[in-house]
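Engineer: A single structure is presented below for examination.
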Amino acid sequence: METTPQEDCIIVAALGRLAYQFEDADELLANQAWMLAVEIADEHGLDPGDAVLQLELRNSHVNSRN
């Protein structure tokens, strides 16, 4: 399935949140989520933090126009 860069940023943000929330409860799941987030972000030349920032910047731009 092809995804857009915007969708990938959303996926990276969700995976990052999952990794953070599950790091104590399920370390294996948290690590897998984080590694997938890194892999997807890397496809766009970003790290996961940059991908989340891109998403936040886009959302703030859209919200400021409404």
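By convention here, the chains of the structure tokens are called A, B, ... in the order presented, each chain's residues are numbered starting at 1, and ligands are numbered starting at 1 in the order presented.
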Just asking: which residues within chain A are helix (DSSP H, G or I) according to DSSP, as a PDB file with C-alpha atoms, in the first residue's frame?
Structural biologist:
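Final output, states_13.pdb:
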ATOM      1  CA  PRO A   5       4.425  11.698   3.200  1.00  0.00           C
ATOM      2  CA  GLN A   6       1.672  13.223   5.361  1.00  0.00           C
ATOM      3  CA  GLU A   7       0.305   9.778   6.179  1.00  0.00           C
ATOM      4  CA  ASP A   8       3.803   8.552   6.961  1.00  0.00           C
ATOM      5  CA  CYS A   9       4.261  11.401   9.451  1.00  0.00           C
ATOM      6  CA  ILE A  10       1.026  10.376  11.160  1.00  0.00           C
ATOM      7  CA  ILE A  11       2.164   6.744  11.256  1.00  0.00           C
ATOM      8  CA  VAL A  12       5.563   7.726  12.681  1.00  0.00           C
ATOM      9  CA  ALA A  13       3.899   9.868  15.360  1.00  0.00           C
ATOM     10  CA  ALA A  14       1.544   7.020  16.303  1.00  0.00           C
ATOM     11  CA  LEU A  15       4.352   4.479  16.442  1.00  0.00           C
ATOM     12  CA  GLY A  16       6.457   6.829  18.555  1.00  0.00           C
ATOM     13  CA  ARG A  17       3.612   7.318  21.000  1.00  0.00           C
ATOM     14  CA  LEU A  18       2.996   3.567  21.159  1.00  0.00           C
ATOM     15  CA  ALA A  19       6.689   2.951  21.802  1.00  0.00           C
ATOM     16  CA  TYR A  20       6.716   5.500  24.621  1.00  0.00           C
ATOM     17  CA  GLN A  21       3.527   4.287  26.271  1.00  0.00           C
ATOM     18  CA  PHE A  22       4.478   0.607  26.150  1.00  0.00           C
ATOM     19  CA  GLU A  27       9.480  -3.693  25.865  1.00  0.00           C
ATOM     20  CA  LEU A  28       9.569  -5.888  22.751  1.00  0.00           C
ATOM     21  CA  LEU A  29       6.496  -4.198  21.251  1.00  0.00           C
ATOM     22  CA  ALA A  30       7.863  -0.776  22.160  1.00  0.00           C
ATOM     23  CA  ASN A  31      11.190  -1.520  20.479  1.00  0.00           C
ATOM     24  CA  GLN A  32       9.515  -2.886  17.355  1.00  0.00           C
ATOM     25  CA  ALA A  33       7.280   0.179  17.107  1.00  0.00           C
ATOM     26  CA  TRP A  34      10.249   2.513  17.528  1.00  0.00           C
ATOM     27  CA  MET A  35      12.351   0.704  14.928  1.00  0.00           C
ATOM     28  CA  LEU A  36       9.480   0.853  12.430  1.00  0.00           C
ATOM     29  CA  ALA A  37       9.039   4.575  13.158  1.00  0.00           C
ATOM     30  CA  VAL A  38      12.753   5.121  12.500  1.00  0.00           C
ATOM     31  CA  GLU A  39      12.580   3.120   9.269  1.00  0.00           C
ATOM     32  CA  ILE A  40       9.568   5.009   7.911  1.00  0.00           C
ATOM     33  CA  ALA A  41      10.967   8.409   8.884  1.00  0.00           C
ATOM     34  CA  ASP A  42      14.309   7.506   7.297  1.00  0.00           C
ATOM     35  CA  PRO A  48      11.016  10.340  14.064  1.00  0.00           C
ATOM     36  CA  GLY A  49      11.209  13.639  15.942  1.00  0.00           C
ATOM     37  CA  ASP A  50      11.515  15.550  12.673  1.00  0.00           C
ATOM     38  CA  ALA A  51       8.544  13.673  11.225  1.00  0.00           C
ATOM     39  CA  VAL A  52       6.393  14.611  14.216  1.00  0.00           C
ATOM     40  CA  LEU A  53       7.544  18.229  13.920  1.00  0.00           C
ATOM     41  CA  GLN A  54       6.593  18.263  10.226  1.00  0.00           C
ATOM     42  CA  LEU A  55       3.140  16.992  11.153  1.00  0.00           C
ATOM     43  CA  GLU A  56       2.723  19.593  13.910  1.00  0.00           C
ATOM     44  CA  LEU A  57       3.860  22.407  11.609  1.00  0.00           C
ATOM     45  CA  ARG A  58       1.431  21.322   8.914  1.00  0.00           C
ATOM     46  CA  ASN A  59      -1.422  21.084  11.420  1.00  0.00           C
ATOM     47  CA  SER A  60      -0.675  24.504  12.902  1.00  0.00           C
ATOM     48  CA  HIS A  61      -0.583  25.999   9.393  1.00  0.00           C
ATOM     49  CA  VAL A  62      -3.937  24.411   8.488  1.00  0.00           C
ATOM     50  CA  ASN A  63      -5.488  25.485  11.811  1.00  0.00           C
ATOM     51  CA  SER A  64      -4.273  29.075  11.412  1.00  0.00           C
ATOM     52  CA  ARG A  65      -6.079  29.313   8.076  1.00  0.00           C
TER      53      ARG A  65
END
